[in-house]
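Q: I'd like to ask some things about the structure below.
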Amino acid sequence: MESEVASLSFARVLMEGIKEMVFVVRVDGANSFTYDFLNNAVIERTSLVSASVGKKLNEVHSTSMTTFLTERYNEVVQTTQSISYEDSFYCNRNKLLYSKTVMTPFLDEKGICTHIVSLVKDITNEKIAKLESEGIRERLEESNARYRSLFDNNADAIFTVDFNGHITGGNSSGSILSGCAMKELAGKSFFDFVITEDVERAKNYFHLSILGDNKDWRFSISNKSGKSIACLVKFIPISVKNNIPGFYMIVKDMTELDKISGLYEAGEENFRIIAENVHDVIILMDQDKQYLYMSPSCENIFGFRAEGIIGKKPFYNVHPEDTSVAEQAFNQAAKEGSTFQLQIRLLHKSRGWIWTEVSGMPVFGEDQKFNRMVMVARDISIQKEYESQLHHFAYFDSLTELPNRRYFQAYATEKLEQNDTSQRNLAILLIDIDDFKDINDQWGHEIGDAVIQEFGYRLNRCMVGENMAARLGGDEFIVLLTDAADKEKVSEVTDAIYRITKEPINVQELSLYITISMGVALAPTEKTSISTIMKRADMAMYKAKQLEKNSFFVSPT
């Protein structure tokens, strides 16, 4: 009972924690199929809802879609073999998406298909790239040499075979899988490496592939050391100027995937999911936070081989600043029986600390005691980088890299609220470059932008402590002073700012001199807002321009 609970919990995490859509249908009879399970991704991307579980295909789909799906489910039932196909559909946002579906049957003890699991992967980006590069791809087909990089660097074993099944070549992964150098394999029939009980099926599959039935097939091969390896095999015709001299035989080692499958095979339904398209890292830890299992995808995502992590100290690969958060989430989930999801930094072998989303679910034994944690880890570093860029664009000026008006107001408001308790006085300086329009008109906007950049750089060098300089737009800048107890304190900063304007700004062999006008407003003793202080500084700045350029004016409090 304990293993069943653990296995079902693992299945739940795997199905709900991955991005791919997972459908489980029950086979009721000929042409009759009922949805038994839909994961979150299905509900988020399709018209199906939670209430669709327990309903037949024709109760939730159109007639044409029901016919399409029924034909494919019937094919799985009749052949008791996995099938895959590519399709397209419109998601809930009315966007056209391309997908690849793998349908896998589950057979009971009598060999009867009782359930079918469909794993649907979004291949929109790959499909679009393929369609856009169709002309290039056609030229690549003219010469096998042009495939060499993709061929050699593919993680799956790839062999080239002729119409008789004789091996004519292969990649390095093929040598690793078989245990033989490619020169040892050349000229031999690949059937010689298929285990005895699978030879007839393998010959039948190869014959069907020659006839154009290019599906994924399951059979086992025996490597040089005699070890039996369960594989997923597909034969793809090699097309050269419309002639087919042979086939690519793509062989995927299913050993680890079948091991994962075995972890969640249990329960009354006794079904299993083939998760060969899942690229996230699956982690299993015990109650002492010791690593029990790490999926092979760990090497692709984090650069470390899975077996090298087993036995390491708990959370050794978690950033020191995130360790306490990870431990707290783990302990709370174990105590309350709740799930968790974190964004923390995990160690990558070559890239250092990378942002990772970790989802966890506790597993309890028959005695209701916590005994393990199942987690799914996903690299979100690109997403984090994008979010960081958006934050930078939203709060920083792209020309000077100084904070913009939005950031300045938020920062100044925070300091003003602190001022109520710390008794520190704030001051705002509003700065405008005199006659800046003349620079643009005479020398052009490129020169004008360079002047703005250099002045912003010099202004920022005048900032110390918690003071801040920002660009409001055009030739207007603003400064927040966080410790302006009196006018003397303010004068120290204004003098420094005026000194930086005395040096010429050198741009493209030009030496330009600028002057500035400045308005100063001190925070009043009574409660007010940053916007009000900024308006007072703005009026003071224009007062300075009216009196004399290259001067400043202090607003009366």
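Chains: A, B, ... in order of the structure tokens. Residues: from 1 per chain. Ligands: from 1, in order shown.
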Residues within 10 Å of Asn223 (chain A), please, as a PDB file with N, CA, C and O atoms, in the first residue's frame. Count only C-alpha atoms; anything in the same chain fewer than 6 positions from it doesn't count.
A:
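Dumped to part31.pdb:
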ATOM      1  N   SER A 175      28.034   4.413 -31.457  1.00  0.00           N
ATOM      2  CA  SER A 175      29.168   3.603 -30.983  1.00  0.00           C
ATOM      3  C   SER A 175      29.074   3.374 -29.482  1.00  0.00           C
ATOM      4  O   SER A 175      29.345   2.278 -28.983  1.00  0.00           O
ATOM      5  N   ILE A 176      28.672   4.423 -28.738  1.00  0.00           N
ATOM      6  CA  ILE A 176      28.555   4.305 -27.285  1.00  0.00           C
ATOM      7  C   ILE A 176      27.458   3.314 -26.914  1.00  0.00           C
ATOM      8  O   ILE A 176      27.634   2.453 -26.041  1.00  0.00           O
ATOM      9  N   LEU A 177      26.313   3.408 -27.598  1.00  0.00           N
ATOM     10  CA  LEU A 177      25.190   2.517 -27.280  1.00  0.00           C
ATOM     11  C   LEU A 177      25.536   1.058 -27.572  1.00  0.00           C
ATOM     12  O   LEU A 177      25.268   0.168 -26.762  1.00  0.00           O
ATOM     13  N   SER A 178      26.161   0.819 -28.724  1.00  0.00           N
ATOM     14  CA  SER A 178      26.456  -0.557 -29.131  1.00  0.00           C
ATOM     15  C   SER A 178      27.722  -1.106 -28.477  1.00  0.00           C
ATOM     16  O   SER A 178      27.897  -2.322 -28.350  1.00  0.00           O
ATOM     17  N   GLY A 179      28.604  -0.199 -28.058  1.00  0.00           N
ATOM     18  CA  GLY A 179      29.875  -0.639 -27.492  1.00  0.00           C
ATOM     19  C   GLY A 179      30.892  -1.002 -28.547  1.00  0.00           C
ATOM     20  O   GLY A 179      31.964  -1.544 -28.224  1.00  0.00           O
ATOM     21  N   CYS A 180      30.589  -0.715 -29.811  1.00  0.00           N
ATOM     22  CA  CYS A 180      31.476  -1.078 -30.923  1.00  0.00           C
ATOM     23  C   CYS A 180      31.898   0.163 -31.697  1.00  0.00           C
ATOM     24  O   CYS A 180      31.118   1.106 -31.844  1.00  0.00           O
ATOM     25  N   PHE A 193      22.125  -7.534 -33.819  1.00  0.00           N
ATOM     26  CA  PHE A 193      22.256  -6.930 -32.485  1.00  0.00           C
ATOM     27  C   PHE A 193      20.928  -6.889 -31.728  1.00  0.00           C
ATOM     28  O   PHE A 193      20.889  -6.457 -30.574  1.00  0.00           O
ATOM     29  N   VAL A 194      19.851  -7.324 -32.390  1.00  0.00           N
ATOM     30  CA  VAL A 194      18.546  -7.372 -31.731  1.00  0.00           C
ATOM     31  C   VAL A 194      18.467  -8.653 -30.905  1.00  0.00           C
ATOM     32  O   VAL A 194      18.910  -9.718 -31.354  1.00  0.00           O
ATOM     33  N   ILE A 195      17.910  -8.573 -29.682  1.00  0.00           N
ATOM     34  CA  ILE A 195      17.820  -9.781 -28.853  1.00  0.00           C
ATOM     35  C   ILE A 195      16.944 -10.804 -29.557  1.00  0.00           C
ATOM     36  O   ILE A 195      16.025 -10.447 -30.311  1.00  0.00           O
ATOM     37  N   ILE A 229      19.396  -3.812 -23.944  1.00  0.00           N
ATOM     38  CA  ILE A 229      18.999  -2.409 -23.791  1.00  0.00           C
ATOM     39  C   ILE A 229      17.650  -2.199 -24.469  1.00  0.00           C
ATOM     40  O   ILE A 229      17.501  -2.427 -25.676  1.00  0.00           O
TER      41      ILE A 229
END
Q: Which of region 311-523 of chain A counts as strand (DSSP E) under DSSP, as number ranges by chain please?
A: A: 340-348, 352-364, 370-379, 427-433, 468-473, 476-481, 505-507, 510-512, 516-522
Q: Using only C-alpha atoms, which of the listed residues (A:Ser398, A:Trp353, A:Phe191, A:Val22) sits closest to Asp322 (chain A)?
A: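 The shortest atom-to-atom distance to Asp322 (chain A) comes from A:Trp353.
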Q: Counting only C-alpha atoms, which residue out of A:Asn550, A:Thr114, A:Thr70, A:Ser531 sits closest to Ala412 (chain A)?
A: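 Among A:Asn550, A:Thr114, A:Thr70, A:Ser531, it is A:Ser531 that comes nearest to Ala412 (chain A).
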Q: Pick from A:Ile123, A:Leu402, A:Ala484, A:Ile43: nearest to Gln453 (chain A), with only C-alpha atoms counted?
A: A:Leu402
